[in-house]
$ cat structure29.cif   # mmCIF, C-alpha atoms
data_run
loop_
_atom_site.label_atom_id
_atom_site.label_comp_id
_atom_site.auth_asym_id
_atom_site.auth_seq_id
_atom_site.Cartn_x
_atom_site.Cartn_y
_atom_site.Cartn_z
CA MET H 1 -55.53 43.88 -184.43
CA ILE H 2 -58.69 44.81 -182.52
CA LEU H 3 -59.37 46.40 -179.14
CA GLU H 4 -60.57 43.10 -177.64
CA GLN H 5 -56.99 41.78 -177.92
CA ILE H 6 -55.52 44.80 -176.17
CA LEU H 7 -58.03 44.58 -173.31
CA ARG H 8 -57.42 40.85 -172.95
CA GLU H 9 -53.71 41.53 -172.39
CA LYS H 10 -54.04 44.79 -170.48
CA GLY H 11 -56.92 43.73 -168.28
CA SER H 12 -60.30 45.37 -168.14
CA GLU H 13 -59.93 47.22 -164.84
CA VAL H 14 -61.91 50.43 -165.01
CA TYR H 15 -61.72 53.33 -162.62
CA SER H 16 -65.02 54.96 -161.88
CA VAL H 17 -66.19 57.81 -159.69
CA ALA H 18 -69.66 58.69 -158.35
CA GLU H 19 -71.33 61.66 -159.99
CA SER H 20 -72.04 62.99 -156.49
CA ALA H 21 -68.31 63.11 -155.60
CA THR H 22 -66.83 66.61 -155.20
CA LEU H 23 -64.02 67.71 -157.53
CA LYS H 24 -61.69 67.68 -154.51
CA GLU H 25 -62.52 63.98 -154.02
CA ALA H 26 -62.18 63.33 -157.74
CA ALA H 27 -58.72 64.96 -157.74
CA GLU H 28 -57.70 62.70 -154.85
CA LEU H 29 -58.87 59.62 -156.76
CA LEU H 30 -57.08 60.62 -159.99
CA ASP H 31 -53.90 61.23 -157.98
CA ALA H 32 -54.08 58.00 -155.94
CA ARG H 33 -54.86 55.85 -159.00
CA LYS H 34 -52.36 57.65 -161.23
CA VAL H 35 -54.87 57.87 -164.07
CA GLY H 36 -55.97 60.74 -166.27
CA ALA H 37 -59.69 59.97 -166.42
CA MET H 38 -62.49 58.06 -164.72
CA VAL H 39 -65.90 56.96 -165.96
CA ILE H 40 -69.22 57.69 -164.30
CA LEU H 41 -71.69 54.81 -164.33
CA GLY H 42 -75.46 55.13 -164.08
CA GLU H 43 -77.65 52.79 -162.02
CA SER H 44 -78.03 50.38 -164.91
CA GLY H 45 -74.25 50.12 -165.28
CA ALA H 46 -74.24 52.19 -168.48
CA ILE H 47 -71.71 55.01 -168.88
CA ILE H 48 -73.24 58.42 -168.27
CA GLY H 49 -70.05 60.46 -168.36
CA VAL H 50 -66.26 60.73 -168.24
CA PHE H 51 -64.31 62.97 -165.88
CA SER H 52 -60.73 63.79 -166.86
CA GLU H 53 -57.82 65.93 -165.66
CA ARG H 54 -58.84 68.42 -168.33
CA ASP H 55 -62.38 68.71 -166.94
CA LEU H 56 -60.85 69.56 -163.56
CA VAL H 57 -58.57 72.21 -165.10
CA ARG H 58 -61.53 73.77 -166.90
CA ALA H 59 -63.73 73.85 -163.78
CA ILE H 60 -60.97 75.52 -161.75
CA ALA H 61 -60.23 78.02 -164.50
CA ARG H 62 -63.89 79.03 -164.59
CA MET H 63 -65.06 78.69 -160.98
CA GLY H 64 -61.88 79.01 -158.92
CA ALA H 65 -61.90 77.47 -155.44
CA ALA H 66 -65.69 77.00 -155.57
CA ALA H 67 -65.06 74.28 -158.18
CA LEU H 68 -63.63 71.98 -155.53
CA LYS H 69 -66.98 71.79 -153.70
CA SER H 70 -68.97 71.31 -156.87
CA THR H 71 -69.74 67.78 -158.02
CA VAL H 72 -68.44 65.58 -160.79
CA ALA H 73 -71.94 65.72 -162.32
CA ASP H 74 -71.44 69.47 -162.90
CA SER H 75 -68.17 69.12 -164.86
CA MET H 76 -68.08 65.66 -166.42
CA SER H 77 -68.26 65.26 -170.19
CA ARG H 78 -71.64 63.77 -171.00
CA GLN H 79 -70.99 63.40 -174.73
CA VAL H 80 -68.95 60.24 -174.28
CA VAL H 81 -67.22 58.89 -177.36
CA THR H 82 -67.00 55.11 -177.04
CA ALA H 83 -65.45 52.27 -179.00
CA ARG H 84 -66.46 48.64 -179.52
CA LEU H 85 -64.45 45.48 -178.88
CA GLY H 86 -64.21 44.76 -182.62
CA ASP H 87 -62.82 48.19 -183.60
CA THR H 88 -59.28 48.17 -185.03
CA ILE H 89 -56.33 50.01 -183.51
CA GLU H 90 -56.02 52.28 -186.54
CA GLN H 91 -59.72 53.19 -186.58
CA THR H 92 -59.59 54.01 -182.88
CA MET H 93 -56.36 56.00 -183.13
CA ASP H 94 -57.81 58.11 -185.92
CA ARG H 95 -60.88 58.88 -183.82
CA MET H 96 -58.83 59.79 -180.77
CA THR H 97 -56.46 62.13 -182.63
CA ASP H 98 -59.44 63.60 -184.51
CA ARG H 99 -61.44 64.34 -181.37
CA ARG H 100 -58.33 65.11 -179.32
CA ILE H 101 -59.26 62.65 -176.60
CA ARG H 102 -56.91 60.38 -174.68
CA HIS H 103 -59.24 57.87 -173.06
CA LEU H 104 -61.94 55.86 -174.77
CA PRO H 105 -64.38 53.57 -172.96
CA VAL H 106 -64.98 50.32 -174.81
CA VAL H 107 -68.61 49.27 -174.66
CA GLU H 108 -70.23 46.03 -175.73
CA GLY H 109 -73.90 45.13 -175.35
CA GLY H 110 -74.49 48.30 -173.35
CA ARG H 111 -71.87 47.33 -170.75
CA LEU H 112 -68.42 48.79 -170.16
CA ALA H 113 -65.73 46.31 -171.23
CA GLY H 114 -62.66 48.44 -170.41
CA VAL H 115 -60.91 51.71 -171.15
CA ILE H 116 -58.27 52.23 -173.85
CA SER H 117 -55.75 55.08 -173.60
CA ILE H 118 -53.80 56.70 -176.42
CA GLY H 119 -50.67 55.23 -174.75
CA ASP H 120 -52.05 51.68 -175.09
CA LEU H 121 -52.71 52.23 -178.79
CA VAL H 122 -49.25 53.67 -179.42
CA LYS H 123 -47.57 50.67 -177.84
CA TRP H 124 -49.66 48.19 -179.82
CA ARG H 125 -49.52 50.06 -183.10
CA ILE H 126 -45.72 50.14 -182.96
CA ALA H 127 -45.60 46.41 -182.25
CA GLU H 128 -48.04 45.76 -185.11
CA ALA H 129 -46.13 47.90 -187.63
CA SER H 130 -42.82 46.28 -186.68
CA ALA H 131 -44.30 42.81 -187.10
CA GLU H 132 -45.70 43.75 -190.50
CA VAL H 133 -42.36 45.08 -191.71
CA ALA H 134 -40.53 42.00 -190.37
CA ALA H 135 -43.00 39.67 -192.13
CA ILE H 136 -42.57 41.45 -195.45
CA ARG H 137 -38.77 41.47 -195.05
CA SER H 138 -38.65 37.73 -194.37
CA TYR H 139 -40.82 37.24 -197.48
CA ILE H 140 -38.25 39.13 -199.57
CA GLN H 141 -35.23 37.42 -198.03
CA PRO H 142 -36.47 34.13 -196.55
CA MET Y 143 -37.42 60.65 -189.14
CA ILE Y 144 -36.16 63.03 -186.48
CA LEU Y 145 -37.83 65.58 -184.20
CA GLU Y 146 -36.47 68.51 -186.18
CA GLN Y 147 -38.70 67.52 -189.11
CA ILE Y 148 -41.81 67.34 -186.91
CA LEU Y 149 -41.13 70.76 -185.38
CA ARG Y 150 -40.48 72.29 -188.80
CA GLU Y 151 -43.95 71.16 -189.91
CA LYS Y 152 -45.79 71.68 -186.63
CA GLY Y 153 -44.17 74.97 -185.73
CA SER Y 154 -42.11 75.68 -182.68
CA GLU Y 155 -44.66 77.67 -180.71
CA VAL Y 156 -44.11 77.01 -177.02
CA TYR Y 157 -46.49 77.89 -174.19
CA SER Y 158 -44.75 79.08 -171.06
CA VAL Y 159 -45.89 80.28 -167.66
CA ALA Y 160 -44.08 82.30 -164.98
CA GLU Y 161 -43.00 80.36 -161.92
CA SER Y 162 -44.58 83.11 -159.81
CA ALA Y 163 -48.05 82.52 -161.35
CA THR Y 164 -50.66 81.01 -159.02
CA LEU Y 165 -52.16 77.62 -159.84
CA LYS Y 166 -55.47 79.39 -160.45
CA GLU Y 167 -53.75 81.51 -163.13
CA ALA Y 168 -51.99 78.43 -164.52
CA ALA Y 169 -55.33 76.60 -164.81
CA GLU Y 170 -56.76 79.58 -166.71
CA LEU Y 171 -53.81 79.50 -169.13
CA LEU Y 172 -54.03 75.74 -169.72
CA ASP Y 173 -57.76 76.11 -170.36
CA ALA Y 174 -57.47 79.13 -172.68
CA ARG Y 175 -54.61 77.60 -174.70
CA LYS Y 176 -56.16 74.13 -174.77
CA VAL Y 177 -52.83 72.49 -173.87
CA GLY Y 178 -51.90 69.91 -171.28
CA ALA Y 179 -48.58 71.39 -170.15
CA MET Y 180 -46.50 74.57 -170.14
CA VAL Y 181 -42.78 75.14 -169.65
CA ILE Y 182 -41.19 77.45 -167.12
CA LEU Y 183 -38.17 79.38 -168.38
CA GLY Y 184 -35.39 80.81 -166.24
CA GLU Y 185 -33.81 84.22 -166.81
CA SER Y 186 -31.24 82.78 -169.20
CA GLY Y 187 -34.01 81.25 -171.32
CA ALA Y 188 -33.20 77.72 -170.14
CA ILE Y 189 -36.03 75.43 -169.02
CA ILE Y 190 -36.30 75.18 -165.27
CA GLY Y 191 -39.54 73.23 -165.05
CA VAL Y 192 -42.71 71.88 -166.65
CA PHE Y 193 -46.20 72.36 -165.25
CA SER Y 194 -48.89 69.95 -166.45
CA GLU Y 195 -52.54 69.14 -165.81
CA ARG Y 196 -51.31 66.27 -163.68
CA ASP Y 197 -49.26 68.61 -161.47
CA LEU Y 198 -52.43 70.62 -160.87
CA VAL Y 199 -54.44 67.50 -159.98
CA ARG Y 200 -51.74 66.41 -157.53
CA ALA Y 201 -51.52 69.83 -155.85
CA ILE Y 202 -55.29 69.97 -155.38
CA ALA Y 203 -55.45 66.40 -154.10
CA ARG Y 204 -52.83 67.22 -151.48
CA MET Y 205 -53.53 70.85 -150.54
CA GLY Y 206 -57.18 71.39 -151.43
CA ALA Y 207 -58.31 74.95 -152.14
CA ALA Y 208 -55.04 76.34 -150.73
CA ALA Y 209 -53.33 74.93 -153.83
CA LEU Y 210 -54.96 77.57 -156.02
CA LYS Y 211 -53.10 80.37 -154.22
CA SER Y 212 -49.77 78.54 -154.25
CA THR Y 213 -47.37 79.17 -157.10
CA VAL Y 214 -46.28 77.18 -160.12
CA ALA Y 215 -42.80 77.04 -158.57
CA ASP Y 216 -44.23 74.94 -155.69
CA SER Y 217 -45.77 72.26 -157.92
CA MET Y 218 -43.88 72.20 -161.21
CA SER Y 219 -41.76 69.20 -162.14
CA ARG Y 220 -38.13 70.26 -161.92
CA GLN Y 221 -36.72 66.99 -163.24
CA VAL Y 222 -37.45 67.85 -166.84
CA VAL Y 223 -36.84 65.12 -169.39
CA THR Y 224 -35.85 66.75 -172.68
CA ALA Y 225 -35.13 65.61 -176.22
CA ARG Y 226 -32.79 66.91 -178.92
CA LEU Y 227 -33.59 67.93 -182.48
CA GLY Y 228 -31.71 64.93 -183.86
CA ASP Y 229 -33.54 62.30 -181.78
CA THR Y 230 -35.65 59.84 -183.77
CA ILE Y 231 -39.41 59.39 -183.35
CA GLU Y 232 -38.97 55.81 -182.10
CA GLN Y 233 -36.34 56.76 -179.54
CA THR Y 234 -38.53 59.56 -178.24
CA MET Y 235 -41.67 57.45 -178.14
CA ASP Y 236 -39.91 54.78 -176.13
CA ARG Y 237 -38.75 57.36 -173.60
CA MET Y 238 -42.20 58.90 -173.28
CA THR Y 239 -44.01 55.59 -172.75
CA ASP Y 240 -41.23 54.49 -170.38
CA ARG Y 241 -41.42 57.59 -168.23
CA ARG Y 242 -45.19 57.96 -168.72
CA ILE Y 243 -44.91 61.55 -169.88
CA ARG Y 244 -46.93 63.20 -172.62
CA HIS Y 245 -44.96 66.37 -173.37
CA LEU Y 246 -41.26 66.63 -174.09
CA PRO Y 247 -39.40 69.92 -174.53
CA VAL Y 248 -36.87 69.77 -177.36
CA VAL Y 249 -33.66 71.57 -176.46
CA GLU Y 250 -30.70 72.47 -178.63
CA GLY Y 251 -27.65 74.42 -177.54
CA GLY Y 252 -29.26 75.14 -174.18
CA ARG Y 253 -32.28 76.81 -175.84
CA LEU Y 254 -35.83 75.55 -176.16
CA ALA Y 255 -36.60 74.62 -179.77
CA GLY Y 256 -40.19 73.43 -179.30
CA VAL Y 257 -42.39 70.93 -177.50
CA ILE Y 258 -43.37 67.50 -178.81
CA SER Y 259 -46.49 65.73 -177.54
CA ILE Y 260 -47.25 62.02 -177.61
CA GLY Y 261 -50.04 62.89 -180.09
CA ASP Y 262 -47.52 64.42 -182.52
CA LEU Y 263 -45.38 61.31 -182.39
CA VAL Y 264 -48.35 59.00 -182.94
CA LYS Y 265 -49.41 60.87 -186.05
CA TRP Y 266 -45.89 60.87 -187.51
CA ARG Y 267 -45.03 57.30 -186.55
CA ILE Y 268 -48.17 56.02 -188.28
CA ALA Y 269 -47.30 57.97 -191.41
CA GLU Y 270 -43.74 56.67 -191.28
CA ALA Y 271 -44.76 53.02 -190.79
CA SER Y 272 -47.30 53.23 -193.62
CA ALA Y 273 -44.69 54.71 -195.95
CA GLU Y 274 -42.23 51.96 -195.04
CA VAL Y 275 -44.77 49.21 -195.73
CA ALA Y 276 -45.78 50.86 -199.04
CA ALA Y 277 -42.12 51.12 -200.12
CA ILE Y 278 -41.45 47.47 -199.39
CA ARG Y 279 -44.65 46.41 -201.15
CA SER Y 280 -43.77 48.36 -204.28
CA TYR Y 281 -40.32 46.68 -204.17
CA ILE Y 282 -42.00 43.26 -204.17
CA GLN Y 283 -44.56 44.15 -206.85
CA PRO Y 284 -43.13 47.08 -208.79
#

$ encode --input "structure29.cif" --output "structure tokens"
Amino acid sequence: MILEQILREKGSEVYSVAESATLKEAAELLDARKVGAMVILGESGAIIGVFSERDLVRAIARMGAAALKSTVADSMSRQVVTARLGDTIEQTMDRMTDRRIRHLPVVEGGRLAGVISIGDLVKWRIAEASAEVAAIRSYIQP
Amino acid sequence: MILEQILREKGSEVYSVAESATLKEAAELLDARKVGAMVILGESGAIIGVFSERDLVRAIARMGAAALKSTVADSMSRQVVTARLGDTIEQTMDRMTDRRIRHLPVVEGGRLAGVISIGDLVKWRIAEASAEVAAIRSYIQP
């Protein structure tokens, strides 16, 4: 099972935020969209950063109220770990637990194809494992 | 596989915060401990709330800078979903994806026994599924 299949089912809607937005505005967007992270796109459409709930927590811990007037560009993670459409669920899960990240942009040909969350992978991995066990069981007792 | 086994391996360290702490202090604790949520314990040692990164985002979205001087008691989730030591991984995973929560306090006899994250469950469920498939395979081809 590869990421392309998950995105096909889940849809490729991606929530982005401008790097010039303030953290107050970014918090409003995260809250309204009920998501944990948003991507920041450059002029060419390439990903230049990711801004997550955790980035907001860190900025507030370090700057206090001043953080809310600072911009997304100041706090976003610029070292963005990405996946490709052909990556497997297991591969991707390993990378996410390794790096302790919960959202992974999927990029193909330099363009953003969607975002995969750890929750998406859990759901699909369970379905995949159950199907595998069922197939082997029916092979033993047809 | 039940939660008790995960906690035995992982340890039962639990990060708590006082309900009188300000959100600025709570952000500093989340950041320093590198966790996504903390529990709030009442005088009897029972859980009276959970405060997560998402609660902080919501408070800032709605109150702005004033949120940072408000207390954890004002923004914590009081409807705490908990698990028991004897609950299975699958049961717990279903509840977490259902309710869209990432941290679940494990309670036994009215006392907090530990906290399980969706990441813990993922790691263990993968190990469990792999072991199951391996066992069935070795049954087919001993």

$ resolve_selection --input "structure29.cif" --expression "the PyMOL selection byres ((chain Y and resi 189) around 10)" --output "list in words"
Ser158, Val181, Ile182, Leu183, Gly184, Glu185, Ser186, Gly187, Ala188, Ile190, Gly191, Val192, Arg220, Val222, Thr224, Pro247, Val249, Gly252, Arg253 and Leu254 of chain Y

$ interface_residues --input "structure29.cif" --of "chain Y" --to "chain H" --cutoff "6 Å" --atoms "all atoms listed in the file" --output "ChimeraX atom specification"
/Y:169-170,173,199-200,203,207

$ calpha_fit_and_write --input "structure29.cif" --fixed "chain Y" --moving "chain H" --output "PDB file with C-alpha atoms, keeping the file's coordinate frame"
ATOM      1  CA  MET H   1     -37.413  60.608-189.130  1.00  0.00           C
ATOM      2  CA  ILE H   2     -36.153  63.014-186.462  1.00  0.00           C
ATOM      3  CA  LEU H   3     -37.822  65.543-184.175  1.00  0.00           C
ATOM      4  CA  GLU H   4     -36.436  68.501-186.153  1.00  0.00           C
ATOM      5  CA  GLN H   5     -38.691  67.484-189.071  1.00  0.00           C
ATOM      6  CA  ILE H   6     -41.783  67.314-186.891  1.00  0.00           C
ATOM      7  CA  LEU H   7     -41.101  70.735-185.356  1.00  0.00           C
ATOM      8  CA  ARG H   8     -40.450  72.235-188.782  1.00  0.00           C
ATOM      9  CA  GLU H   9     -43.924  71.134-189.904  1.00  0.00           C
ATOM     10  CA  LYS H  10     -45.743  71.651-186.616  1.00  0.00           C
ATOM     11  CA  GLY H  11     -44.146  74.958-185.737  1.00  0.00           C
ATOM     12  CA  SER H  12     -42.095  75.663-182.666  1.00  0.00           C
ATOM     13  CA  GLU H  13     -44.655  77.651-180.680  1.00  0.00           C
ATOM     14  CA  VAL H  14     -44.122  76.997-177.000  1.00  0.00           C
ATOM     15  CA  TYR H  15     -46.464  77.875-174.189  1.00  0.00           C
ATOM     16  CA  SER H  16     -44.766  79.067-171.060  1.00  0.00           C
ATOM     17  CA  VAL H  17     -45.906  80.278-167.665  1.00  0.00           C
ATOM     18  CA  ALA H  18     -44.102  82.327-164.990  1.00  0.00           C
ATOM     19  CA  GLU H  19     -43.013  80.398-161.925  1.00  0.00           C
ATOM     20  CA  SER H  20     -44.626  83.139-159.825  1.00  0.00           C
ATOM     21  CA  ALA H  21     -48.080  82.524-161.377  1.00  0.00           C
ATOM     22  CA  THR H  22     -50.690  81.015-159.029  1.00  0.00           C
ATOM     23  CA  LEU H  23     -52.181  77.606-159.863  1.00  0.00           C
ATOM     24  CA  LYS H  24     -55.506  79.367-160.488  1.00  0.00           C
ATOM     25  CA  GLU H  25     -53.780  81.481-163.167  1.00  0.00           C
ATOM     26  CA  ALA H  26     -52.004  78.427-164.544  1.00  0.00           C
ATOM     27  CA  ALA H  27     -55.340  76.578-164.829  1.00  0.00           C
ATOM     28  CA  GLU H  28     -56.771  79.538-166.750  1.00  0.00           C
ATOM     29  CA  LEU H  29     -53.818  79.487-169.155  1.00  0.00           C
ATOM     30  CA  LEU H  30     -54.020  75.712-169.738  1.00  0.00           C
ATOM     31  CA  ASP H  31     -57.755  76.065-170.406  1.00  0.00           C
ATOM     32  CA  ALA H  32     -57.471  79.093-172.724  1.00  0.00           C
ATOM     33  CA  ARG H  33     -54.596  77.570-174.725  1.00  0.00           C
ATOM     34  CA  LYS H  34     -56.135  74.093-174.792  1.00  0.00           C
ATOM     35  CA  VAL H  35     -52.821  72.478-173.885  1.00  0.00           C
ATOM     36  CA  GLY H  36     -51.878  69.905-171.281  1.00  0.00           C
ATOM     37  CA  ALA H  37     -48.565  71.394-170.160  1.00  0.00           C
ATOM     38  CA  MET H  38     -46.488  74.567-170.135  1.00  0.00           C
ATOM     39  CA  VAL H  39     -42.773  75.139-169.639  1.00  0.00           C
ATOM     40  CA  ILE H  40     -41.192  77.465-167.109  1.00  0.00           C
ATOM     41  CA  LEU H  41     -38.192  79.408-168.380  1.00  0.00           C
ATOM     42  CA  GLY H  42     -35.418  80.845-166.231  1.00  0.00           C
ATOM     43  CA  GLU H  43     -33.853  84.270-166.807  1.00  0.00           C
ATOM     44  CA  SER H  44     -31.288  82.848-169.195  1.00  0.00           C
ATOM     45  CA  GLY H  45     -34.032  81.283-171.319  1.00  0.00           C
ATOM     46  CA  ALA H  46     -33.205  77.762-170.116  1.00  0.00           C
ATOM     47  CA  ILE H  47     -36.022  75.453-169.001  1.00  0.00           C
ATOM     48  CA  ILE H  48     -36.300  75.230-165.231  1.00  0.00           C
ATOM     49  CA  GLY H  49     -39.520  73.244-165.050  1.00  0.00           C
ATOM     50  CA  VAL H  50     -42.699  71.894-166.638  1.00  0.00           C
ATOM     51  CA  PHE H  51     -46.198  72.368-165.252  1.00  0.00           C
ATOM     52  CA  SER H  52     -48.865  69.945-166.461  1.00  0.00           C
ATOM     53  CA  GLU H  53     -52.528  69.123-165.831  1.00  0.00           C
ATOM     54  CA  ARG H  54     -51.285  66.264-163.675  1.00  0.00           C
ATOM     55  CA  ASP H  55     -49.242  68.604-161.462  1.00  0.00           C
ATOM     56  CA  LEU H  56     -52.415  70.625-160.882  1.00  0.00           C
ATOM     57  CA  VAL H  57     -54.415  67.494-159.992  1.00  0.00           C
ATOM     58  CA  ARG H  58     -51.722  66.422-157.536  1.00  0.00           C
ATOM     59  CA  ALA H  59     -51.519  69.842-155.849  1.00  0.00           C
ATOM     60  CA  ILE H  60     -55.303  69.961-155.402  1.00  0.00           C
ATOM     61  CA  ALA H  61     -55.429  66.402-154.106  1.00  0.00           C
ATOM     62  CA  ARG H  62     -52.820  67.248-151.479  1.00  0.00           C
ATOM     63  CA  MET H  63     -53.531  70.878-150.565  1.00  0.00           C
ATOM     64  CA  GLY H  64     -57.189  71.383-151.473  1.00  0.00           C
ATOM     65  CA  ALA H  65     -58.332  74.946-152.169  1.00  0.00           C
ATOM     66  CA  ALA H  66     -55.078  76.364-150.753  1.00  0.00           C
ATOM     67  CA  ALA H  67     -53.347  74.938-153.848  1.00  0.00           C
ATOM     68  CA  LEU H  68     -54.974  77.562-156.044  1.00  0.00           C
ATOM     69  CA  LYS H  69     -53.128  80.391-154.257  1.00  0.00           C
ATOM     70  CA  SER H  70     -49.821  78.574-154.260  1.00  0.00           C
ATOM     71  CA  THR H  71     -47.401  79.200-157.111  1.00  0.00           C
ATOM     72  CA  VAL H  72     -46.309  77.202-160.114  1.00  0.00           C
ATOM     73  CA  ALA H  73     -42.817  77.090-158.564  1.00  0.00           C
ATOM     74  CA  ASP H  74     -44.254  74.998-155.698  1.00  0.00           C
ATOM     75  CA  SER H  75     -45.782  72.290-157.932  1.00  0.00           C
ATOM     76  CA  MET H  76     -43.873  72.233-161.213  1.00  0.00           C
ATOM     77  CA  SER H  77     -41.745  69.228-162.132  1.00  0.00           C
ATOM     78  CA  ARG H  78     -38.127  70.304-161.909  1.00  0.00           C
ATOM     79  CA  GLN H  79     -36.692  67.025-163.198  1.00  0.00           C
ATOM     80  CA  VAL H  80     -37.427  67.878-166.815  1.00  0.00           C
ATOM     81  CA  VAL H  81     -36.826  65.140-169.354  1.00  0.00           C
ATOM     82  CA  THR H  82     -35.827  66.764-172.641  1.00  0.00           C
ATOM     83  CA  ALA H  83     -35.106  65.611-176.171  1.00  0.00           C
ATOM     84  CA  ARG H  84     -32.767  66.899-178.880  1.00  0.00           C
ATOM     85  CA  LEU H  85     -33.571  67.924-182.449  1.00  0.00           C
ATOM     86  CA  GLY H  86     -31.681  64.916-183.841  1.00  0.00           C
ATOM     87  CA  ASP H  87     -33.519  62.286-181.752  1.00  0.00           C
ATOM     88  CA  THR H  88     -35.638  59.810-183.741  1.00  0.00           C
ATOM     89  CA  ILE H  89     -39.384  59.361-183.331  1.00  0.00           C
ATOM     90  CA  GLU H  90     -38.949  55.804-182.072  1.00  0.00           C
ATOM     91  CA  GLN H  91     -36.297  56.744-179.502  1.00  0.00           C
ATOM     92  CA  THR H  92     -38.499  59.549-178.211  1.00  0.00           C
ATOM     93  CA  MET H  93     -41.655  57.432-178.121  1.00  0.00           C
ATOM     94  CA  ASP H  94     -39.877  54.767-176.102  1.00  0.00           C
ATOM     95  CA  ARG H  95     -38.725  57.364-173.581  1.00  0.00           C
ATOM     96  CA  MET H  96     -42.172  58.895-173.260  1.00  0.00           C
ATOM     97  CA  THR H  97     -43.979  55.577-172.736  1.00  0.00           C
ATOM     98  CA  ASP H  98     -41.199  54.477-170.361  1.00  0.00           C
ATOM     99  CA  ARG H  99     -41.399  57.593-168.203  1.00  0.00           C
ATOM    100  CA  ARG H 100     -45.154  57.944-168.693  1.00  0.00           C
ATOM    101  CA  ILE H 101     -44.875  61.530-169.868  1.00  0.00           C
ATOM    102  CA  ARG H 102     -46.890  63.191-172.615  1.00  0.00           C
ATOM    103  CA  HIS H 103     -44.938  66.355-173.346  1.00  0.00           C
ATOM    104  CA  LEU H 104     -41.239  66.616-174.057  1.00  0.00           C
ATOM    105  CA  PRO H 105     -39.370  69.898-174.513  1.00  0.00           C
ATOM    106  CA  VAL H 106     -36.842  69.760-177.330  1.00  0.00           C
ATOM    107  CA  VAL H 107     -33.649  71.580-176.439  1.00  0.00           C
ATOM    108  CA  GLU H 108     -30.692  72.468-178.615  1.00  0.00           C
ATOM    109  CA  GLY H 109     -27.631  74.441-177.536  1.00  0.00           C
ATOM    110  CA  GLY H 110     -29.255  75.162-174.183  1.00  0.00           C
ATOM    111  CA  ARG H 111     -32.275  76.816-175.828  1.00  0.00           C
ATOM    112  CA  LEU H 112     -35.831  75.538-176.150  1.00  0.00           C
ATOM    113  CA  ALA H 113     -36.582  74.603-179.768  1.00  0.00           C
ATOM    114  CA  GLY H 114     -40.183  73.404-179.291  1.00  0.00           C
ATOM    115  CA  VAL H 115     -42.369  70.911-177.472  1.00  0.00           C
ATOM    116  CA  ILE H 116     -43.340  67.467-178.785  1.00  0.00           C
ATOM    117  CA  SER H 117     -46.477  65.704-177.525  1.00  0.00           C
ATOM    118  CA  ILE H 118     -47.225  61.987-177.583  1.00  0.00           C
ATOM    119  CA  GLY H 119     -50.022  62.854-180.067  1.00  0.00           C
ATOM    120  CA  ASP H 120     -47.504  64.398-182.496  1.00  0.00           C
ATOM    121  CA  LEU H 121     -45.362  61.264-182.357  1.00  0.00           C
ATOM    122  CA  VAL H 122     -48.323  58.948-182.916  1.00  0.00           C
ATOM    123  CA  LYS H 123     -49.379  60.833-186.022  1.00  0.00           C
ATOM    124  CA  TRP H 124     -45.870  60.824-187.479  1.00  0.00           C
ATOM    125  CA  ARG H 125     -45.037  57.265-186.524  1.00  0.00           C
ATOM    126  CA  ILE H 126     -48.166  56.000-188.276  1.00  0.00           C
ATOM    127  CA  ALA H 127     -47.295  57.974-191.403  1.00  0.00           C
ATOM    128  CA  GLU H 128     -43.721  56.646-191.278  1.00  0.00           C
ATOM    129  CA  ALA H 129     -44.767  53.003-190.818  1.00  0.00           C
ATOM    130  CA  SER H 130     -47.303  53.247-193.645  1.00  0.00           C
ATOM    131  CA  ALA H 131     -44.694  54.728-195.971  1.00  0.00           C
ATOM    132  CA  GLU H 132     -42.246  51.967-195.086  1.00  0.00           C
ATOM    133  CA  VAL H 133     -44.788  49.239-195.783  1.00  0.00           C
ATOM    134  CA  ALA H 134     -45.819  50.897-199.072  1.00  0.00           C
ATOM    135  CA  ALA H 135     -42.167  51.154-200.177  1.00  0.00           C
ATOM    136  CA  ILE H 136     -41.514  47.492-199.447  1.00  0.00           C
ATOM    137  CA  ARG H 137     -44.749  46.471-201.206  1.00  0.00           C
ATOM    138  CA  SER H 138     -43.860  48.424-204.346  1.00  0.00           C
ATOM    139  CA  TYR H 139     -40.435  46.725-204.260  1.00  0.00           C
ATOM    140  CA  ILE H 140     -42.130  43.309-204.258  1.00  0.00           C
ATOM    141  CA  GLN H 141     -44.691  44.195-206.918  1.00  0.00           C
ATOM    142  CA  PRO H 142     -43.266  47.145-208.871  1.00  0.00           C
TER     143      PRO H 142
END

$ residues_around --input "structure29.cif" --residues "Ala83 in chain H" --least-positions-apart "2" --cutoff "12 Å" --atoms "all atoms listed in the file" --output "ChimeraX atom specification"
/H:2-4,80-81,85-89,91-96,103-117

$ atom_distance --input "structure29.cif" --atom1 "CA of Leu149 in chain Y" --atom2 "CA of Asp98 in chain H"
19.7 Å

$ atom_distance --input "structure29.cif" --atom1 "CA of Met38 in chain H" --atom2 "CA of Phe51 in chain H"
5.4 Å

$ decode --input "structure29.cif" --residues "range 160-171 of chain Y" --atoms "C-alpha atoms" --output "compact mmCIF listing (two decimals), in the first residue's frame"
# COMPACT_ATOMS: atom_id res chain seq x y z
CA ALA Y 160 -1.29 22.95 38.17
CA GLU Y 161 -4.68 24.29 37.19
CA SER Y 162 -3.57 27.66 38.56
CA ALA Y 163 -0.62 27.88 36.11
CA THR Y 164 -0.91 30.53 33.39
CA LEU Y 165 -0.98 29.47 29.75
CA LYS Y 166 2.42 31.13 29.34
CA GLU Y 167 3.79 28.82 32.06
CA ALA Y 168 1.99 25.84 30.52
CA ALA Y 169 3.56 26.60 27.12
CA GLU Y 170 6.99 26.71 28.77
CA LEU Y 171 6.38 23.30 30.37
